[in-house]
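J.: Quick one: this structure, given as structure tokens, is what I'll be asking you about.
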Amino acid sequence: MNKLSNFRRLLSSVFIVPLVIGLLFSVFAFQSKAQDIDLLLKGGHVIDAKNNIDRKMDVAISAGKIFRVAADIPAGTAKKVVDVSGLIVAPGLINMHTHVYAGSNSGFTDGTSSQLPDAFAPRAGITTVVDAGTSGWRTFPDFKAKVIDNSTTRVLAFLSIAASGYSNDKAQENIAEMDVQKTAETINKYADNLVGVRIGRYDGTEWTPFDRASEAAKLVNKPLFVECHLPMYSLEDQLNKMRSGDIMTHAFENVSERMTVVDEQGKVRPFVLAAQKRGVLFDIGHGGGGFWFNQAVPSFKQGLWPNSFGTDEHRTSMNSGMKTMLNVMSKYLNMGMGIPDIIARGSWNAAKSIKRDDLGNLSVGSVADIAVLSVNTGKFGFVDSGNNKINGDRKFEAELTVRAGKIIWDLNGLSAKSMVANK
Ligand SMILES: [Zn+2]
């Protein structure tokens, strides 16, 4: 009998003691894990194209990164909980076409036509803006010091093949300064910021600027961004020179200086569809003159969909028909594009096109850049660059914007403390 009880005692010490220690350790580990959740977005409808998520989920954030995405993460495990039920929880939006080298000169480069990123991005659910060649190899360090390093919004950029960028003067058309090597060197030196090369305005007839921009992009293995103020180049020739992954902005413009993508019979030109099939990407680039319903609607119906919703953000476009990236996305919502397709183009598609797979998704470990959006219903009017209007009944609005885990925009105080209502 004694032998048996000794044996039992031995069993307890061998198994039970470690078991108890293990249990205690697990509880402690769980508690410390739970306390690591800084912000819990609870009850929203998560749309994350990269991870194929389109359903109700909670999103937990820790130390500025996505910590967990799952159904019913307990509210008690987080330092702060925000109820986002009834709202869309999407990766922070990426605006693929902006001019943000703001300064005191006239025009865009270091100028008053550009806008500071934080002045328009957070309030539209945008956590990353991509500057469209407002700087070149000569001016980029100044742009970085003045704007990029001083913005909460992440600022990436296409580097203009023109040395100074997108200045008002004729200097930007000086071919002698369109330097392939210096452009490539600058992009490699600032690889965290620079995502490709941009060809912009050029009034001459030579293909040299376009070819140099394309060569520089090829050297650094990044896309060429074509902002086609190139009246002497035909659209077909431009598209034929573009490689798979290159981006044509102002896709749906209707201006004298570039052939439209839709012909007089309302058909998308076959060479445009062929370019799309080859992998050329089309960005909206709405701006003041770059988006027309008579181009966008037939294109949408015939399968020429934008890959990204770049707004061509600048002082005048933001106060005309464009307004905000969410307004541009709302135009497509009312044209019939589904919400998951819209969100994908505003986030993951845009990220992939600039080879920044780390952005535009809610994968665990990714930076916690998040847009919480509402879809409001009512009577809305949407205006294009020709002052033509379509009516709609739904409109996106940014309720909450989170950048690297911090709330940087909160339209209706979702994260604020409630007070007793004053009557
Ligand atoms: Zn532009």
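Every chain in the structure tokens takes a letter, A first, then B, and so on in the order presented; its residues are numbered from 1, and the ligands are numbered from 1 following the presented order.
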Dump as a Markdown table the rows for residues of chain A within 9 Å of ligand 1: closest atom pair and distance in Å with one decimal, only C-alpha atoms and all ligand atoms counted, ordered by chain and rising residue number.
T.:
```
| residue | atom | partner | partner_atom_place_in_ligand_line | distance |
| --- | --- | --- | --- | --- |
| A:His97 | CA | ligand 1 | 1 (Zn) | 6.2 |
| A:Thr98 | CA | ligand 1 | 1 (Zn) | 6.2 |
| A:His99 | CA | ligand 1 | 1 (Zn) | 6.4 |
| A:Asp131 | CA | ligand 1 | 1 (Zn) | 8.3 |
| A:Ala132 | CA | ligand 1 | 1 (Zn) | 5.8 |
| A:Gly133 | CA | ligand 1 | 1 (Zn) | 7.9 |
| A:Thr134 | CA | ligand 1 | 1 (Zn) | 8.2 |
| A:Tyr166 | CA | ligand 1 | 1 (Zn) | 9.0 |
| A:Gly200 | CA | ligand 1 | 1 (Zn) | 8.1 |
| A:Glu227 | CA | ligand 1 | 1 (Zn) | 6.5 |
| A:Thr249 | CA | ligand 1 | 1 (Zn) | 8.3 |
| A:His250 | CA | ligand 1 | 1 (Zn) | 8.3 |
| A:Gly285 | CA | ligand 1 | 1 (Zn) | 6.7 |
| A:His286 | CA | ligand 1 | 1 (Zn) | 8.6 |
| A:Gly287 | CA | ligand 1 | 1 (Zn) | 6.9 |
| A:Thr311 | CA | ligand 1 | 1 (Zn) | 8.2 |
| A:Asp312 | CA | ligand 1 | 1 (Zn) | 4.6 |
| A:Glu313 | CA | ligand 1 | 1 (Zn) | 7.2 |
| A:His314 | CA | ligand 1 | 1 (Zn) | 7.9 |
```
J.: Next, dump the selected residues to file, keeping only N, CA and C atoms, as a short mmCIF file (atom, residue, chain, number, x, y, z; two decimals), in the first residue's frame.
T.:
```
data_model
loop_
_atom_site.label_atom_id
_atom_site.label_comp_id
_atom_site.auth_asym_id
_atom_site.auth_seq_id
_atom_site.Cartn_x
_atom_site.Cartn_y
_atom_site.Cartn_z
N HIS A 97 -1.82 59.24 -57.43
CA HIS A 97 -1.45 60.40 -58.25
C HIS A 97 -1.74 61.68 -57.47
N THR A 98 -0.70 62.24 -56.89
CA THR A 98 -0.85 63.49 -56.14
C THR A 98 0.30 64.43 -56.47
N HIS A 99 0.13 65.69 -56.15
CA HIS A 99 1.22 66.66 -56.24
C HIS A 99 1.34 67.32 -54.87
N ASP A 131 3.48 60.84 -54.95
CA ASP A 131 3.65 62.09 -55.70
C ASP A 131 4.03 61.75 -57.14
N ALA A 132 3.36 62.45 -58.08
CA ALA A 132 3.57 62.14 -59.50
C ALA A 132 4.60 63.09 -60.12
N GLY A 133 5.84 62.84 -59.78
CA GLY A 133 6.93 63.54 -60.47
C GLY A 133 6.98 65.04 -60.27
N THR A 134 6.53 65.50 -59.10
CA THR A 134 6.64 66.94 -58.86
C THR A 134 8.08 67.32 -58.56
N TYR A 166 8.26 69.23 -61.91
CA TYR A 166 7.07 69.69 -62.62
C TYR A 166 6.96 71.21 -62.46
N GLY A 200 6.24 63.58 -67.86
CA GLY A 200 5.14 64.54 -67.78
C GLY A 200 5.06 65.40 -69.02
N GLU A 227 2.15 60.55 -67.38
CA GLU A 227 1.15 61.60 -67.21
C GLU A 227 1.16 62.41 -68.49
N THR A 249 -1.76 57.31 -66.57
CA THR A 249 -2.75 58.04 -65.76
C THR A 249 -3.59 58.94 -66.67
N HIS A 250 -4.55 59.64 -66.11
CA HIS A 250 -5.55 60.39 -66.90
C HIS A 250 -6.20 59.45 -67.93
N GLY A 285 -6.29 59.39 -62.33
CA GLY A 285 -5.68 60.72 -62.52
C GLY A 285 -6.73 61.78 -62.83
N HIS A 286 -7.73 61.87 -61.97
CA HIS A 286 -8.91 62.71 -62.23
C HIS A 286 -8.54 64.16 -62.51
N GLY A 287 -7.87 64.79 -61.56
CA GLY A 287 -7.43 66.17 -61.72
C GLY A 287 -8.54 67.12 -62.12
N THR A 311 -5.98 60.61 -57.81
CA THR A 311 -6.88 61.76 -57.98
C THR A 311 -6.26 62.91 -58.75
N ASP A 312 -4.92 62.86 -58.98
CA ASP A 312 -4.22 64.05 -59.47
C ASP A 312 -4.56 65.21 -58.52
N GLU A 313 -4.25 64.95 -57.25
CA GLU A 313 -4.61 65.90 -56.18
C GLU A 313 -3.77 67.17 -56.32
N HIS A 314 -4.42 68.29 -56.42
CA HIS A 314 -3.75 69.58 -56.34
C HIS A 314 -4.77 70.65 -55.98
#
```
J.: Identify, on the basis of only C-alpha atoms, every residue whose closest approach to Leu219 (chain A) does not exceed 9 Å; exclude the query and any residue fewer than 5 positions from it along the same chain; express the result as a count of residues only.
T.: 4
J.: Which residues are close to region 416-419 of chain A, i.e. within 12 Å by only C-alpha atoms, leaving aside same-chain residues fewer than 4 positions away? Reply as a list in words.
T.: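 Residues meeting the cut-off are Lys80, Val81, Val82, Asp83, Leu400, Ile407, Trp409, Asp410, Leu411, Asn412 and Lys423 of chain A.
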J.: For Ser385 (chain A), find every residue with an atom within 6 Å (counting only C-alpha atoms), except residues of its own chain fewer than 5 positions away, and show them as a list in words.
T.: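 The residues satisfying every condition are Gly288, Gly289, Phe291 and Trp292 of chain A.
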J.: State, in Å with one decimal place, the distance from CA of Thr109 (chain A) to CA of Asp142 (chain A).
T.: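 Answer for the CA of Thr109 (chain A) to CA of Asp142 (chain A) separation: 10.3 Å.
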J.: Could you give me the residues within region 233-403 of chain A that DSSP places in helix (DSSP H, G or I), as a PyMOL selection string?
T.: chain A and resi 235-241+270-278+293-301+317-319+325-335+339-346+348-353
J.: DSSP says strand (DSSP E) for which residues of region 64-99 of chain A? Put them as an NGL selection string?
T.: :A and (65-70 or 81-83 or 88-91 or 93-98)
J.: Show which residues sit within 9 Å of Pro209 (chain A), as a PyMOL selection string. Count only C-alpha atoms, and ignore same-chain residues fewer than 3 positions away.
T.: chain A and resi 161-162+173+175+178+199+202+206+212-214
J.: Can I get the selection written as a PDB file, in the first residue's frame, with all heavy atoms?
T.:
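Here's the written file part33.pdb:
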```pdb
ATOM      1  N   ILE A 161      11.518  62.512 -64.919  1.00  0.00           N
ATOM      2  CA  ILE A 161      12.744  62.450 -65.727  1.00  0.00           C
ATOM      3  C   ILE A 161      13.311  63.858 -65.918  1.00  0.00           C
ATOM      4  O   ILE A 161      14.507  64.039 -66.138  1.00  0.00           O
ATOM      5  CB  ILE A 161      12.514  61.737 -67.094  1.00  0.00           C
ATOM      6  CG1 ILE A 161      13.835  61.446 -67.812  1.00  0.00           C
ATOM      7  CG2 ILE A 161      11.568  62.536 -67.973  1.00  0.00           C
ATOM      8  CD1 ILE A 161      14.758  60.474 -67.111  1.00  0.00           C
ATOM      9  N   ALA A 162      12.440  64.881 -65.783  1.00  0.00           N
ATOM     10  CA  ALA A 162      12.917  66.271 -65.831  1.00  0.00           C
ATOM     11  C   ALA A 162      13.641  66.578 -64.525  1.00  0.00           C
ATOM     12  O   ALA A 162      13.147  66.236 -63.449  1.00  0.00           O
ATOM     13  CB  ALA A 162      11.738  67.210 -66.018  1.00  0.00           C
ATOM     14  N   GLU A 173      11.687  71.112 -69.743  1.00  0.00           N
ATOM     15  CA  GLU A 173      11.726  70.464 -71.057  1.00  0.00           C
ATOM     16  C   GLU A 173      13.138  70.402 -71.626  1.00  0.00           C
ATOM     17  O   GLU A 173      13.333  70.034 -72.790  1.00  0.00           O
ATOM     18  CB  GLU A 173      10.765  71.183 -72.013  1.00  0.00           C
ATOM     19  CG  GLU A 173       9.329  71.109 -71.519  1.00  0.00           C
ATOM     20  CD  GLU A 173       8.306  71.506 -72.567  1.00  0.00           C
ATOM     21  OE1 GLU A 173       8.654  71.543 -73.759  1.00  0.00           O
ATOM     22  OE2 GLU A 173       7.160  71.768 -72.182  1.00  0.00           O
ATOM     23  N   ILE A 175      16.116  68.739 -72.499  1.00  0.00           N
ATOM     24  CA  ILE A 175      16.491  67.330 -72.655  1.00  0.00           C
ATOM     25  C   ILE A 175      17.875  67.041 -72.081  1.00  0.00           C
ATOM     26  O   ILE A 175      18.109  65.961 -71.509  1.00  0.00           O
ATOM     27  CB  ILE A 175      16.422  66.931 -74.154  1.00  0.00           C
ATOM     28  CG1 ILE A 175      14.960  66.882 -74.597  1.00  0.00           C
ATOM     29  CG2 ILE A 175      17.080  65.572 -74.389  1.00  0.00           C
ATOM     30  CD1 ILE A 175      14.756  66.480 -76.040  1.00  0.00           C
ATOM     31  N   MET A 178      17.711  65.712 -68.711  1.00  0.00           N
ATOM     32  CA  MET A 178      16.947  64.477 -68.457  1.00  0.00           C
ATOM     33  C   MET A 178      17.947  63.326 -68.411  1.00  0.00           C
ATOM     34  O   MET A 178      18.230  62.696 -69.425  1.00  0.00           O
ATOM     35  CB  MET A 178      15.889  64.271 -69.547  1.00  0.00           C
ATOM     36  CG  MET A 178      14.839  65.363 -69.552  1.00  0.00           C
ATOM     37  SD  MET A 178      13.603  65.104 -70.839  1.00  0.00           S
ATOM     38  CE  MET A 178      12.638  66.615 -70.688  1.00  0.00           C
ATOM     39  N   ILE A 199       7.039  60.470 -66.661  1.00  0.00           N
ATOM     40  CA  ILE A 199       7.203  61.358 -67.801  1.00  0.00           C
ATOM     41  C   ILE A 199       5.974  62.271 -67.821  1.00  0.00           C
ATOM     42  O   ILE A 199       4.845  61.795 -67.796  1.00  0.00           O
ATOM     43  CB  ILE A 199       7.386  60.589 -69.138  1.00  0.00           C
ATOM     44  CG1 ILE A 199       7.390  61.524 -70.338  1.00  0.00           C
ATOM     45  CG2 ILE A 199       6.366  59.481 -69.333  1.00  0.00           C
ATOM     46  CD1 ILE A 199       8.634  62.332 -70.518  1.00  0.00           C
ATOM     47  N   TYR A 202       5.757  67.525 -72.124  1.00  0.00           N
ATOM     48  CA  TYR A 202       6.814  67.779 -73.101  1.00  0.00           C
ATOM     49  C   TYR A 202       6.146  68.173 -74.409  1.00  0.00           C
ATOM     50  O   TYR A 202       5.309  67.434 -74.933  1.00  0.00           O
ATOM     51  CB  TYR A 202       7.706  66.534 -73.291  1.00  0.00           C
ATOM     52  CG  TYR A 202       8.844  66.821 -74.236  1.00  0.00           C
ATOM     53  CD1 TYR A 202       9.863  67.695 -73.861  1.00  0.00           C
ATOM     54  CD2 TYR A 202       8.891  66.262 -75.512  1.00  0.00           C
ATOM     55  CE1 TYR A 202      10.907  68.001 -74.733  1.00  0.00           C
ATOM     56  CE2 TYR A 202       9.918  66.556 -76.379  1.00  0.00           C
ATOM     57  CZ  TYR A 202      10.914  67.421 -75.990  1.00  0.00           C
ATOM     58  OH  TYR A 202      11.926  67.729 -76.862  1.00  0.00           O
ATOM     59  N   GLU A 206      10.383  65.024 -80.288  1.00  0.00           N
ATOM     60  CA  GLU A 206      11.296  63.886 -80.123  1.00  0.00           C
ATOM     61  C   GLU A 206      10.742  62.907 -79.084  1.00  0.00           C
ATOM     62  O   GLU A 206      10.090  63.318 -78.136  1.00  0.00           O
ATOM     63  CB  GLU A 206      12.687  64.343 -79.631  1.00  0.00           C
ATOM     64  CG  GLU A 206      13.295  65.484 -80.381  1.00  0.00           C
ATOM     65  CD  GLU A 206      12.885  66.843 -79.814  1.00  0.00           C
ATOM     66  OE1 GLU A 206      11.832  66.909 -79.149  1.00  0.00           O
ATOM     67  OE2 GLU A 206      13.609  67.810 -80.058  1.00  0.00           O
ATOM     68  N   ARG A 212      14.011  58.126 -72.407  1.00  0.00           N
ATOM     69  CA  ARG A 212      14.924  58.207 -71.248  1.00  0.00           C
ATOM     70  C   ARG A 212      14.202  57.841 -69.950  1.00  0.00           C
ATOM     71  O   ARG A 212      14.768  57.162 -69.094  1.00  0.00           O
ATOM     72  CB  ARG A 212      15.533  59.609 -71.154  1.00  0.00           C
ATOM     73  CG  ARG A 212      16.562  59.818 -72.227  1.00  0.00           C
ATOM     74  CD  ARG A 212      17.448  61.002 -71.939  1.00  0.00           C
ATOM     75  NE  ARG A 212      18.356  61.208 -73.067  1.00  0.00           N
ATOM     76  CZ  ARG A 212      19.040  62.306 -73.303  1.00  0.00           C
ATOM     77  NH1 ARG A 212      18.948  63.326 -72.452  1.00  0.00           N
ATOM     78  NH2 ARG A 212      19.835  62.408 -74.333  1.00  0.00           N
ATOM     79  N   ALA A 213      12.970  58.315 -69.825  1.00  0.00           N
ATOM     80  CA  ALA A 213      12.190  57.973 -68.624  1.00  0.00           C
ATOM     81  C   ALA A 213      11.992  56.457 -68.552  1.00  0.00           C
ATOM     82  O   ALA A 213      12.165  55.832 -67.496  1.00  0.00           O
ATOM     83  CB  ALA A 213      10.845  58.687 -68.650  1.00  0.00           C
ATOM     84  N   SER A 214      11.663  55.866 -69.702  1.00  0.00           N
ATOM     85  CA  SER A 214      11.426  54.428 -69.764  1.00  0.00           C
ATOM     86  C   SER A 214      12.708  53.644 -69.437  1.00  0.00           C
ATOM     87  O   SER A 214      12.678  52.640 -68.723  1.00  0.00           O
ATOM     88  CB  SER A 214      10.922  54.082 -71.162  1.00  0.00           C
ATOM     89  OG  SER A 214      10.628  52.720 -71.253  1.00  0.00           O
TER      90      SER A 214
END
```
J.: Counting only C-alpha atoms, which residue out of A:Arg123, A:Val46, A:Leu235, A:Asp358 sits closest to Asp192 (chain A)?
T.: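 With only C-alpha atoms as the atom set, the closest residue is A:Asp358.
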